[in-house]
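Engineer: For reference, the file input_2.csv (CSV, C-alpha atoms) is included below:
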chain,number,residue,atom,x,y,z
P,1,MET,CA,55.6,-4.0,11.6
P,2,LEU,CA,53.6,-0.9,11.8
P,3,ILE,CA,55.5,2.0,10.2
P,4,ASN,CA,55.5,4.9,12.7
P,5,LYS,CA,58.1,7.2,14.3
P,6,ALA,CA,58.6,5.0,17.3
P,7,ASN,CA,59.3,1.9,15.3
P,8,LEU,CA,61.6,3.8,12.8
P,9,ASP,CA,63.5,5.2,15.8
P,10,GLU,CA,64.0,1.6,17.2
P,11,LEU,CA,65.1,0.4,13.7
P,12,PHE,CA,67.7,3.2,13.6
P,13,PHE,CA,68.8,2.5,17.1
P,14,ASN,CA,69.4,-1.2,16.3
P,15,LEU,CA,71.3,-0.5,13.1
P,16,ARG,CA,73.4,2.1,14.9
P,17,ARG,CA,74.2,-0.4,17.7
P,18,THR,CA,75.3,-2.9,15.1
P,19,TYR,CA,77.4,-0.3,13.4
P,20,ASP,CA,79.0,0.9,16.7
P,21,ARG,CA,79.9,-2.7,17.7
P,22,HIS,CA,81.7,-3.4,14.4
P,23,TRP,CA,83.4,0.0,14.6
P,24,GLU,CA,84.8,-0.9,18.0
P,25,ASP,CA,85.8,-4.4,16.9
P,26,THR,CA,87.7,-3.2,13.8
P,27,GLU,CA,91.4,-2.3,13.9
P,28,ALA,CA,92.7,0.4,11.7
P,29,GLN,CA,96.2,0.4,10.3
P,30,TRP,CA,96.8,4.1,9.6
P,31,PRO,CA,97.9,5.1,13.1
P,32,THR,CA,101.1,3.1,12.6
P,33,ILE,CA,102.4,5.6,10.1
P,34,ALA,CA,100.3,8.7,10.4
P,35,MET,CA,99.4,11.3,13.0
P,36,ARG,CA,95.8,12.4,13.6
P,37,VAL,CA,95.3,16.2,13.4
P,38,GLU,CA,92.1,17.6,14.7
P,39,SER,CA,90.5,20.2,12.4
P,40,VAL,CA,88.1,22.9,13.5
P,41,SER,CA,87.5,24.6,10.2
P,42,ALA,CA,87.2,23.9,6.5
P,43,ARG,CA,91.0,23.6,6.2
P,44,ASN,CA,94.3,23.5,8.2
P,45,GLU,CA,97.5,25.3,7.3
P,46,TYR,CA,100.8,23.6,7.9
P,47,LYS,CA,103.4,26.4,7.5
P,48,TRP,CA,105.0,25.2,10.8
P,49,LEU,CA,106.3,22.1,8.9
P,50,SER,CA,109.0,24.3,7.3
P,51,LYS,CA,110.9,24.6,10.6
P,52,PHE,CA,112.1,22.1,13.2
P,53,PRO,CA,112.2,23.9,16.6
P,54,ARG,CA,115.5,23.0,18.3
P,55,MET,CA,117.0,24.1,21.6
P,56,ARG,CA,120.1,26.4,21.5
P,57,GLU,CA,122.2,28.3,24.0
P,58,TRP,CA,120.4,31.5,24.9
P,59,ILE,CA,123.0,34.2,24.3
P,60,GLY,CA,121.7,37.8,23.8
P,61,GLU,CA,118.3,37.9,22.3
P,62,LYS,CA,116.3,34.7,21.4
P,63,ALA,CA,116.6,33.4,17.9
P,64,ILE,CA,113.1,33.6,16.6
P,65,LYS,CA,112.2,30.9,14.0
P,66,GLN,CA,110.5,32.5,11.0
P,67,PHE,CA,108.3,30.4,8.8
P,68,GLU,CA,109.5,30.0,5.3
P,69,GLY,CA,107.5,31.2,2.3
P,70,PHE,CA,105.9,27.7,2.1
P,71,GLU,CA,102.1,27.4,1.9
P,72,TYR,CA,100.8,24.0,2.6
P,73,THR,CA,97.0,23.6,3.2
P,74,ILE,CA,94.9,20.5,3.6
P,75,VAL,CA,91.2,21.1,2.8
P,76,ASN,CA,88.7,18.8,4.4
P,77,LYS,CA,86.4,16.8,2.1
P,78,ASP,CA,83.0,15.3,2.6
P,79,TRP,CA,82.6,11.5,2.6
P,80,GLU,CA,79.6,9.2,2.9
P,81,ALA,CA,78.2,5.7,2.7
P,82,THR,CA,74.4,5.1,2.6
P,83,ILE,CA,72.1,2.2,3.3
P,84,SER,CA,68.6,2.0,1.7
P,85,VAL,CA,65.9,0.1,3.6
P,86,ASP,CA,62.9,-0.9,1.6
P,87,ARG,CA,59.6,0.0,3.3
P,88,ASN,CA,58.2,-3.5,2.4
P,89,ASP,CA,60.9,-5.1,4.5
P,90,ILE,CA,60.0,-3.0,7.5
P,91,GLU,CA,56.3,-3.9,7.1
P,92,ASP,CA,57.1,-7.6,6.7
P,93,ASP,CA,59.6,-7.6,9.7
P,94,ASN,CA,62.3,-8.7,7.2
P,95,LEU,CA,65.1,-6.6,8.7
P,96,GLY,CA,67.8,-9.2,9.4
P,97,ILE,CA,69.1,-8.8,5.8
P,98,TYR,CA,70.2,-5.2,6.7
P,99,ALA,CA,72.4,-6.2,9.7
P,100,PRO,CA,75.4,-7.2,7.5
P,101,GLN,CA,75.1,-3.9,5.7
P,102,ALA,CA,75.3,-2.0,9.1
P,103,GLN,CA,78.2,-4.3,10.1
P,104,MET,CA,80.1,-3.5,6.9
P,105,ALA,CA,79.3,0.2,7.4
P,106,GLY,CA,81.0,0.1,10.8
P,107,TYR,CA,84.0,-1.9,9.4
P,108,SER,CA,84.4,0.4,6.4
P,109,ALA,CA,84.1,3.6,8.4
P,110,LYS,CA,86.8,2.5,10.8
P,111,ARG,CA,89.1,1.5,8.0
P,112,PHE,CA,88.3,4.5,5.8
P,113,PRO,CA,91.3,6.6,7.0
P,114,ASP,CA,93.5,3.7,5.9
P,115,GLU,CA,92.4,4.5,2.3
P,116,ILE,CA,93.3,8.2,2.7
P,117,VAL,CA,96.7,7.6,4.3
P,118,PHE,CA,97.9,4.8,2.1
P,119,ASP,CA,96.8,6.7,-1.0
P,120,LEU,CA,99.2,9.4,0.2
P,121,VAL,CA,102.0,6.7,0.3
P,122,ASN,CA,101.1,5.4,-3.2
P,123,ASN,CA,101.2,8.9,-4.6
P,124,GLY,CA,104.2,10.1,-2.7
P,125,PHE,CA,106.4,10.0,-5.8
P,126,ALA,CA,104.0,12.4,-7.6
P,127,ASN,CA,102.3,14.6,-5.0
P,128,PRO,CA,104.1,17.7,-3.5
P,129,CYS,CA,104.6,18.2,0.2
P,130,TYR,CA,105.1,21.5,2.2
P,131,ASP,CA,108.4,22.5,0.4
P,132,GLY,CA,106.8,22.2,-3.0
P,133,LYS,CA,108.9,19.2,-4.0
P,134,LYS,CA,107.4,15.7,-4.5
P,135,PHE,CA,107.2,14.0,-1.1
P,136,PHE,CA,109.7,11.4,-2.3
P,137,ALA,CA,112.3,13.5,-4.2
P,138,THR,CA,116.0,13.8,-4.9
P,139,ASP,CA,116.1,17.6,-4.5
P,140,HIS,CA,114.8,18.6,-1.1
P,141,LYS,CA,116.8,21.3,0.6
P,142,ALA,CA,118.3,20.9,4.1
P,143,GLY,CA,121.4,22.4,5.7
P,144,GLY,CA,122.0,24.4,2.5
P,145,LYS,CA,122.3,21.2,0.4
P,146,ALA,CA,120.2,19.1,-1.9
P,147,VAL,CA,118.9,16.0,0.0
P,148,SER,CA,117.2,12.9,-1.3
P,149,ASN,CA,114.6,10.6,0.3
P,150,LYS,CA,113.9,8.8,-3.0
P,151,GLY,CA,115.5,5.7,-4.4
P,152,THR,CA,115.0,3.2,-7.3
P,153,LYS,CA,116.6,0.0,-6.0
P,154,ALA,CA,114.4,-3.0,-5.6
P,155,LEU,CA,114.2,-4.3,-2.1
P,156,ALA,CA,116.6,-7.3,-1.9
P,157,GLY,CA,118.1,-9.6,0.7
P,158,ASP,CA,119.7,-12.3,-1.4
P,159,THR,CA,123.2,-10.9,-1.1
P,160,LEU,CA,124.8,-8.5,1.4
P,161,GLU,CA,125.7,-6.2,-1.6
P,162,ASN,CA,122.1,-6.0,-2.8
P,163,ALA,CA,120.8,-5.5,0.8
P,164,LYS,CA,123.2,-2.6,1.3
P,165,ALA,CA,122.3,-1.1,-2.0
P,166,SER,CA,118.5,-1.1,-1.2
P,167,PHE,CA,117.7,-1.2,2.5
P,168,GLY,CA,121.1,0.0,3.6
P,169,THR,CA,121.0,3.0,1.4
P,170,ALA,CA,117.5,4.0,2.6
P,171,ARG,CA,118.5,3.6,6.3
P,172,THR,CA,121.7,5.6,5.8
P,173,ALA,CA,119.8,8.4,4.0
P,174,LEU,CA,117.4,8.7,7.0
P,175,LEU,CA,120.1,8.5,9.7
P,176,LYS,CA,121.9,11.4,8.0
P,177,GLN,CA,119.0,13.8,7.9
P,178,VAL,CA,119.7,17.2,9.2
P,179,ASP,CA,117.8,20.4,10.0
P,180,GLU,CA,118.1,23.8,8.4
P,181,GLU,CA,121.3,24.5,10.4
P,182,GLY,CA,122.8,21.2,9.4
P,183,ARG,CA,122.4,19.6,12.8
P,184,PRO,CA,121.4,15.9,13.0
P,185,LEU,CA,117.7,15.3,13.4
P,186,GLY,CA,118.1,12.0,15.1
P,187,VAL,CA,115.9,10.1,12.7
P,188,LYS,CA,115.3,6.5,13.8
P,189,PRO,CA,113.8,4.4,10.9
P,190,ASN,CA,111.6,1.7,12.5
P,191,ILE,CA,109.0,0.7,9.9
P,192,LEU,CA,109.7,-1.1,6.7
P,193,LEU,CA,106.4,-0.7,4.8
P,194,VAL,CA,105.8,-3.0,1.9
P,195,PRO,CA,103.1,-4.3,-0.5
P,196,SER,CA,101.9,-7.9,-0.5
P,197,ALA,CA,104.4,-8.8,-3.2
P,198,LEU,CA,107.3,-7.9,-1.0
P,199,VAL,CA,106.2,-9.3,2.3
P,200,ASP,CA,108.4,-12.5,2.1
P,201,THR,CA,111.5,-10.5,1.0
P,202,ALA,CA,111.0,-8.0,3.8
P,203,MET,CA,110.4,-10.6,6.4
P,204,ALA,CA,113.5,-12.6,5.4
P,205,LEU,CA,115.7,-9.4,5.4
P,206,MET,CA,114.5,-8.4,8.8
P,207,THR,CA,114.6,-11.9,10.5
P,208,ALA,CA,117.2,-14.1,8.8
P,209,GLU,CA,120.5,-14.8,10.5
P,210,ARG,CA,122.3,-15.1,7.2
P,211,LEU,CA,121.5,-14.0,3.7
P,212,GLU,CA,121.4,-16.3,0.7
P,213,ASP,CA,125.0,-15.6,-0.2
P,214,GLY,CA,126.0,-17.0,3.3
P,215,LYS,CA,127.0,-13.7,4.8
P,216,ALA,CA,125.8,-12.5,8.1
P,217,ASN,CA,122.6,-10.4,7.9
P,218,ILE,CA,123.6,-7.1,9.5
P,219,TYR,CA,120.1,-5.8,9.0
P,220,LYS,CA,118.3,-8.4,11.2
P,221,GLY,CA,115.8,-6.6,13.4
P,222,ALA,CA,116.6,-3.2,12.0
P,223,ALA,CA,112.9,-2.4,11.4
P,224,LYS,CA,109.4,-3.8,11.9
P,225,VAL,CA,107.8,-5.1,8.7
P,226,GLU,CA,104.4,-3.5,8.1
P,227,HIS,CA,102.4,-4.8,5.2
P,228,SER,CA,99.4,-2.9,3.7
P,229,PRO,CA,97.0,-4.3,1.1
P,230,TRP,CA,96.3,-0.7,0.1
P,231,LEU,CA,99.7,-0.3,-1.5
P,232,THR,CA,99.2,-0.5,-5.3
P,233,SER,CA,102.8,-1.0,-6.6
P,234,ASP,CA,104.3,-4.5,-6.4
P,235,THR,CA,107.8,-3.0,-6.4
P,236,ALA,CA,107.7,0.2,-4.3
P,237,TRP,CA,108.8,0.0,-0.7
P,238,PHE,CA,109.2,2.5,2.1
P,239,LEU,CA,111.3,3.0,5.2
P,240,LEU,CA,109.8,5.3,7.9
P,241,ASP,CA,110.5,6.9,11.2
P,242,THR,CA,107.3,6.8,13.3
P,243,THR,CA,108.9,7.4,16.7
P,244,LYS,CA,108.5,11.2,16.7
P,245,PRO,CA,105.4,13.2,17.7
P,246,VAL,CA,105.2,14.4,14.1
P,247,LYS,CA,104.9,11.4,11.7
P,248,PRO,CA,105.5,11.3,7.9
P,249,PHE,CA,101.8,11.4,7.0
P,250,ILE,CA,98.8,13.3,8.3
P,251,TYR,CA,95.2,12.2,8.8
P,252,GLN,CA,93.2,15.4,9.3
P,253,GLU,CA,89.8,14.9,10.9
P,254,ARG,CA,87.1,17.5,10.9
P,255,LYS,CA,84.2,15.2,11.8
P,256,LYS,CA,84.6,11.6,12.7
P,257,PRO,CA,82.4,9.0,10.9
P,258,GLU,CA,78.8,9.4,12.3
P,259,PHE,CA,75.8,7.1,11.7
P,260,VAL,CA,72.9,9.2,10.5
P,261,GLN,CA,69.3,8.6,9.3
P,262,GLN,CA,66.7,10.0,7.0
P,263,THR,CA,63.4,8.5,8.1
P,264,GLU,CA,60.8,11.2,7.5
P,265,MET,CA,57.5,9.6,6.7
P,266,GLU,CA,56.8,12.0,3.9
P,267,SER,CA,60.2,12.4,2.4
P,268,ASP,CA,60.7,12.1,-1.4
P,269,ALA,CA,62.7,8.9,-1.0
P,270,VAL,CA,59.8,7.2,0.8
P,271,PHE,CA,57.0,8.6,-1.4
P,272,LEU,CA,58.7,8.0,-4.8
P,273,ARG,CA,60.9,4.9,-4.0
P,274,LYS,CA,59.5,3.6,-0.7
P,275,GLU,CA,63.0,3.8,0.8
P,276,PHE,CA,64.2,4.8,4.3
P,277,ARG,CA,67.8,5.8,4.3
P,278,TYR,CA,70.6,5.3,6.8
P,279,GLY,CA,74.3,5.9,6.5
P,280,VAL,CA,77.7,7.2,7.6
P,281,GLU,CA,79.0,10.7,7.1
P,282,CYS,CA,82.4,12.3,7.9
P,283,ARG,CA,84.7,15.2,6.9
P,284,ALA,CA,88.4,14.5,6.6
P,285,ASN,CA,91.4,14.5,4.4
P,286,GLY,CA,95.1,13.6,4.4
P,287,GLY,CA,98.5,15.2,3.7
P,288,TYR,CA,102.2,14.9,4.1
P,289,GLY,CA,104.2,15.6,7.3
P,290,PHE,CA,108.0,15.7,7.4
P,291,TRP,CA,109.6,14.2,4.3
P,292,GLN,CA,112.7,13.8,6.5
P,293,MET,CA,111.0,10.9,8.3
P,294,ALA,CA,110.4,8.8,5.2
P,295,TYR,CA,112.3,7.2,2.3
P,296,GLY,CA,110.6,5.7,-0.7
P,297,SER,CA,112.0,3.5,-3.5
P,298,ASP,CA,110.0,2.8,-6.6
P,299,GLY,CA,111.9,-0.5,-6.9
P,300,SER,CA,112.5,0.1,-10.6
P,301,ALA,CA,116.2,-0.8,-10.7
Please express what this file holds, its structure, as structure tokens.
Structural biologist:
Amino acid sequence: MLINKANLDELFFNLRRTYDRHWEDTEAQWPTIAMRVESVSARNEYKWLSKFPRMREWIGEKAIKQFEGFEYTIVNKDWEATISVDRNDIEDDNLGIYAPQAQMAGYSAKRFPDEIVFDLVNNGFANPCYDGKKFFATDHKAGGKAVSNKGTKALAGDTLENAKASFGTARTALLKQVDEEGRPLGVKPNILLVPSALVDTAMALMTAERLEDGKANIYKGAAKVEHSPWLTSDTAWFLLDTTKPVKPFIYQERKKPEFVQQTEMESDAVFLRKEFRYGVECRANGGYGFWQMAYGSDGSA
């Protein structure tokens, strides 16, 4: 193939079409537990997370909700994945070998937010959220009291006693969540998020008529089991409420993944290494939403 602008543009078009097709065909998991927040600058501030707006009877002047002294900012980061096409392969019409790379670029770009969001889950026992506490912590404040959304019990469904101590404790903690005035938030836990090692245990607990001790399974159908290969701990498990407009986790997107090219005939890459470059760029980051919508157990006990 003759290397000129028209042929390079056609090459880019074909690679981008392959990328786009696999982008569309790939299903991401992160929307099941996180909300997408559009970003229009280098960072977003989330002071509004400190207050739940609730309706009240209007008597006298309106009660204006003031933001607490919390500062929670998510700064966008730059991300990329690059493909190098050898000039010899273009000259020799040997371009079929690059189609799988473009396919994987589309797949990886679509699944990339999964890495961001589930990394937040993995680090929820260590990373702070908007109130300055660890996202999963025993000392959050709500209604003038210390509130916990963190446990240590291993997920279990062998006996009713163990099921109550693990899943039951988590569900009760979420159902009892209140706002700053002590009013119920109406949390409805609906997702039981587990790593690969706990899929069988979670499925049995959510589907079995009876537990191994012969007692009726009062938790059958209580939540949908969601498994993620991105979860790194074999023992940690999580119960989430994803039914509200604001979800437990945030995927903040400044610029969605975009297929780009560097095909200048006289670029340094071409002159020094006979390479034409194509790739994907985006700007995004992740953070924590309402801790009240999530319960995490490290499964250590």
Engineer: As an exercise, work out the distance from CA of Ala170 (chain P) to CA of Lys224 (chain P) in Å and give it to one decimal place.
Structural biologist: 14.6 Å
Engineer: Give me, as a PyMOL selection string, all polymer residues having an atom no more than 12 Å from region 19-24 of chain P, counting only C-alpha atoms and skipping those fewer than 6 positions away in the same chain.
Structural biologist: chain P and resi 12-13+83+98-112+256-260+278-280
Engineer: Which polymer residues have any atom within 8 Å of an atom of Trp230 (chain P), counting only C-alpha atoms, with same-chain residues fewer than 3 positions away left out, as a ChimeraX atom specification?
Structural biologist: /P:114-115,118-119,195
Engineer: Rank P:Tyr72, P:Phe238, P:Phe167, P:Tyr251 by their smallest atom-to-atom distance to Gln29 (chain P), using only C-alpha atoms, and report the top residue only.
Structural biologist: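 Distance minimum relative to Gln29 (chain P) lands on P:Tyr251.
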Engineer: Choose the residue, out of P:Trp237, P:Gly157, P:Arg17, P:Ala165, that has the smallest atom-to-atom separation from Ser196 (chain P); count all atoms listed in the file.
Structural biologist: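 Checking each of P:Trp237, P:Gly157, P:Arg17, P:Ala165 against Ser196 (chain P), counting all atoms listed in the file, the winner is P:Trp237.
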Engineer: Using only C-alpha atoms, determine which residues lie at most 7 Å from Pro189 (chain P), disregarding the query and same-chain residues fewer than 5 positions distant; provide the list as a PDB file with C-alpha atoms, in the coordinates of the input.
Structural biologist:
ATOM      1  CA  ARG P 171     118.500   3.600   6.300  1.00  0.00           C
ATOM      2  CA  LEU P 174     117.400   8.700   7.000  1.00  0.00           C
ATOM      3  CA  ALA P 223     112.900  -2.400  11.400  1.00  0.00           C
ATOM      4  CA  LEU P 239     111.300   3.000   5.200  1.00  0.00           C
ATOM      5  CA  LEU P 240     109.800   5.300   7.900  1.00  0.00           C
ATOM      6  CA  ASP P 241     110.500   6.900  11.200  1.00  0.00           C
TER       7      ASP P 241
END
Engineer: Pick the closest to Leu211 (chain P) from P:Leu193, P:Ala301, P:Leu160, P:Leu198: which is it, counting all atoms listed in the file?
Structural biologist: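 That would be P:Leu160, the residue with the smallest distance to Leu211 (chain P).
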Engineer: By how many Å are CA of Ala42 (chain P) and CA of Leu231 (chain P) apart?
Structural biologist: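 Atom-to-atom, CA of Ala42 (chain P) and CA of Leu231 (chain P) are spaced 28.4 Å apart.
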Engineer: Counting all atoms listed in the file, what is within 12 Å of Gly221 (chain P), bar same-chain residues fewer than 3 positions away, as a list in words?
Structural biologist: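 After dropping sequence-adjacent residues, the list is Pro189, Asn190, Ile191, Leu192, Ala202, Met203, Ala204, Leu205, Met206, Thr207, Ala208, Glu209, Asn217, Ile218, Lys224 and Val225 of chain P.
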Engineer: My list of candidates is P:Asn44, P:Ser84, P:Thr32, P:Asn122. Which is closest to Glu71 (chain P) when distances are computed with all atoms listed in the file?
Structural biologist: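 Closest candidate: P:Asn44.
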Engineer: Determine, for each residue of region 152-259 of chain P having at least one atom at most 12 Å from an atom of region 285-290 of chain P, the closest pair of atoms and their separation in Å to one decimal, counting only C-alpha atoms; order by chain and ascending number, as CSV.
Structural biologist:
residue,atom,partner,partner_atom,distance
P:Leu174,CA,P:Phe290,CA,11.7
P:Gln177,CA,P:Phe290,CA,11.2
P:Val178,CA,P:Phe290,CA,11.9
P:Asp179,CA,P:Phe290,CA,11.2
P:Leu185,CA,P:Phe290,CA,11.4
P:Val187,CA,P:Phe290,CA,11.0
P:Leu240,CA,P:Phe290,CA,10.6
P:Asp241,CA,P:Phe290,CA,9.9
P:Thr242,CA,P:Phe290,CA,10.7
P:Lys244,CA,P:Phe290,CA,10.3
P:Pro245,CA,P:Gly289,CA,10.7
P:Val246,CA,P:Gly289,CA,7.0
P:Lys247,CA,P:Gly289,CA,6.1
P:Pro248,CA,P:Gly289,CA,4.5
P:Phe249,CA,P:Tyr288,CA,4.6
P:Ile250,CA,P:Gly287,CA,5.0
P:Tyr251,CA,P:Gly286,CA,4.6
P:Gln252,CA,P:Asn285,CA,5.3
P:Glu253,CA,P:Asn285,CA,6.7
P:Arg254,CA,P:Asn285,CA,8.4
P:Lys255,CA,P:Asn285,CA,10.3
P:Lys256,CA,P:Asn285,CA,11.1
Engineer: For Leu49 (chain P), which residue out of P:Glu275, P:Ser297, P:Tyr130, P:Ser166 is the nearest one, using all atoms listed in the file?
Structural biologist: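 Checking each candidate against Leu49 (chain P), we get P:Tyr130 as the closest.
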Engineer: Should you be able to, write region 291-300 of chain P of this structure into a file that contains all heavy atoms, as a JSON list (two decimals), in the first residue's frame.
Structural biologist:
[["chain", "number", "residue", "atom", "x", "y", "z"],
["P", 291, "TRP", "N", -22.63, 7.12, 51.90],
["P", 291, "TRP", "CA", -22.24, 5.92, 52.64],
["P", 291, "TRP", "C", -23.47, 5.21, 53.21],
["P", 291, "TRP", "O", -23.45, 4.01, 53.48],
["P", 291, "TRP", "CB", -21.27, 6.26, 53.76],
["P", 291, "TRP", "CG", -21.77, 7.27, 54.76],
["P", 291, "TRP", "CD1", -21.55, 8.62, 54.75],
["P", 291, "TRP", "CD2", -22.58, 7.01, 55.91],
["P", 291, "TRP", "NE1", -22.18, 9.22, 55.83],
["P", 291, "TRP", "CE2", -22.82, 8.25, 56.56],
["P", 291, "TRP", "CE3", -23.14, 5.85, 56.47],
["P", 291, "TRP", "CZ2", -23.58, 8.37, 57.73],
["P", 291, "TRP", "CZ3", -23.90, 5.96, 57.64],
["P", 291, "TRP", "CH2", -24.10, 7.22, 58.24],
["P", 292, "GLN", "N", -24.56, 5.98, 53.39],
["P", 292, "GLN", "CA", -25.78, 5.41, 53.95],
["P", 292, "GLN", "C", -26.40, 4.36, 53.04],
["P", 292, "GLN", "O", -27.29, 3.61, 53.49],
["P", 292, "GLN", "CB", -26.80, 6.53, 54.19],
["P", 292, "GLN", "CG", -26.38, 7.56, 55.22],
["P", 292, "GLN", "CD", -25.62, 8.73, 54.62],
["P", 292, "GLN", "OE1", -25.01, 8.61, 53.54],
["P", 292, "GLN", "NE2", -25.62, 9.87, 55.29],
["P", 293, "MET", "N", -25.99, 4.30, 51.78],
["P", 293, "MET", "CA", -26.56, 3.37, 50.82],
["P", 293, "MET", "C", -25.73, 2.09, 50.69],
["P", 293, "MET", "O", -26.02, 1.26, 49.81],
["P", 293, "MET", "CB", -26.67, 4.02, 49.44],
["P", 293, "MET", "CG", -27.46, 5.31, 49.43],
["P", 293, "MET", "SD", -29.18, 5.02, 49.87],
["P", 293, "MET", "CE", -29.83, 6.70, 49.73],
["P", 294, "ALA", "N", -24.71, 1.91, 51.53],
["P", 294, "ALA", "CA", -23.81, 0.77, 51.35],
["P", 294, "ALA", "C", -23.37, 0.21, 52.70],
["P", 294, "ALA", "O", -23.14, 0.97, 53.66],
["P", 294, "ALA", "CB", -22.61, 1.16, 50.53],
["P", 295, "TYR", "N", -23.23, -1.09, 52.76],
["P", 295, "TYR", "CA", -22.68, -1.78, 53.93],
["P", 295, "TYR", "C", -21.60, -2.72, 53.41],
["P", 295, "TYR", "O", -21.81, -3.45, 52.44],
["P", 295, "TYR", "CB", -23.77, -2.57, 54.65],
["P", 295, "TYR", "CG", -23.32, -3.29, 55.90],
["P", 295, "TYR", "CD1", -23.52, -2.73, 57.16],
["P", 295, "TYR", "CD2", -22.68, -4.52, 55.83],
["P", 295, "TYR", "CE1", -23.12, -3.39, 58.32],
["P", 295, "TYR", "CE2", -22.27, -5.19, 56.97],
["P", 295, "TYR", "CZ", -22.48, -4.62, 58.21],
["P", 295, "TYR", "OH", -22.07, -5.27, 59.36],
["P", 296, "GLY", "N", -20.45, -2.68, 54.07],
["P", 296, "GLY", "CA", -19.35, -3.57, 53.68],
["P", 296, "GLY", "C", -18.83, -4.36, 54.85],
["P", 296, "GLY", "O", -18.65, -3.82, 55.94],
["P", 297, "SER", "N", -18.61, -5.64, 54.61],
["P", 297, "SER", "CA", -17.98, -6.48, 55.64],
["P", 297, "SER", "C", -16.69, -7.04, 55.06],
["P", 297, "SER", "O", -16.67, -7.52, 53.91],
["P", 297, "SER", "CB", -18.91, -7.63, 56.03],
["P", 297, "SER", "OG", -18.23, -8.54, 56.91],
["P", 298, "ASP", "N", -15.61, -6.97, 55.85],
["P", 298, "ASP", "CA", -14.35, -7.52, 55.36],
["P", 298, "ASP", "C", -14.30, -9.05, 55.50],
["P", 298, "ASP", "O", -13.34, -9.68, 55.04],
["P", 298, "ASP", "CB", -13.16, -6.87, 56.05],
["P", 298, "ASP", "CG", -13.15, -7.06, 57.56],
["P", 298, "ASP", "OD1", -13.85, -7.96, 58.06],
["P", 298, "ASP", "OD2", -12.44, -6.31, 58.26],
["P", 299, "GLY", "N", -15.30, -9.63, 56.16],
["P", 299, "GLY", "CA", -15.38, -11.09, 56.26],
["P", 299, "GLY", "C", -14.30, -11.72, 57.10],
["P", 299, "GLY", "O", -14.02, -12.91, 56.95],
["P", 300, "SER", "N", -13.71, -10.95, 57.99],
["P", 300, "SER", "CA", -12.58, -11.46, 58.76],
["P", 300, "SER", "C", -12.98, -12.31, 59.96],
["P", 300, "SER", "O", -12.14, -13.01, 60.55],
["P", 300, "SER", "CB", -11.71, -10.29, 59.25],
["P", 300, "SER", "OG", -12.47, -9.42, 60.10]]
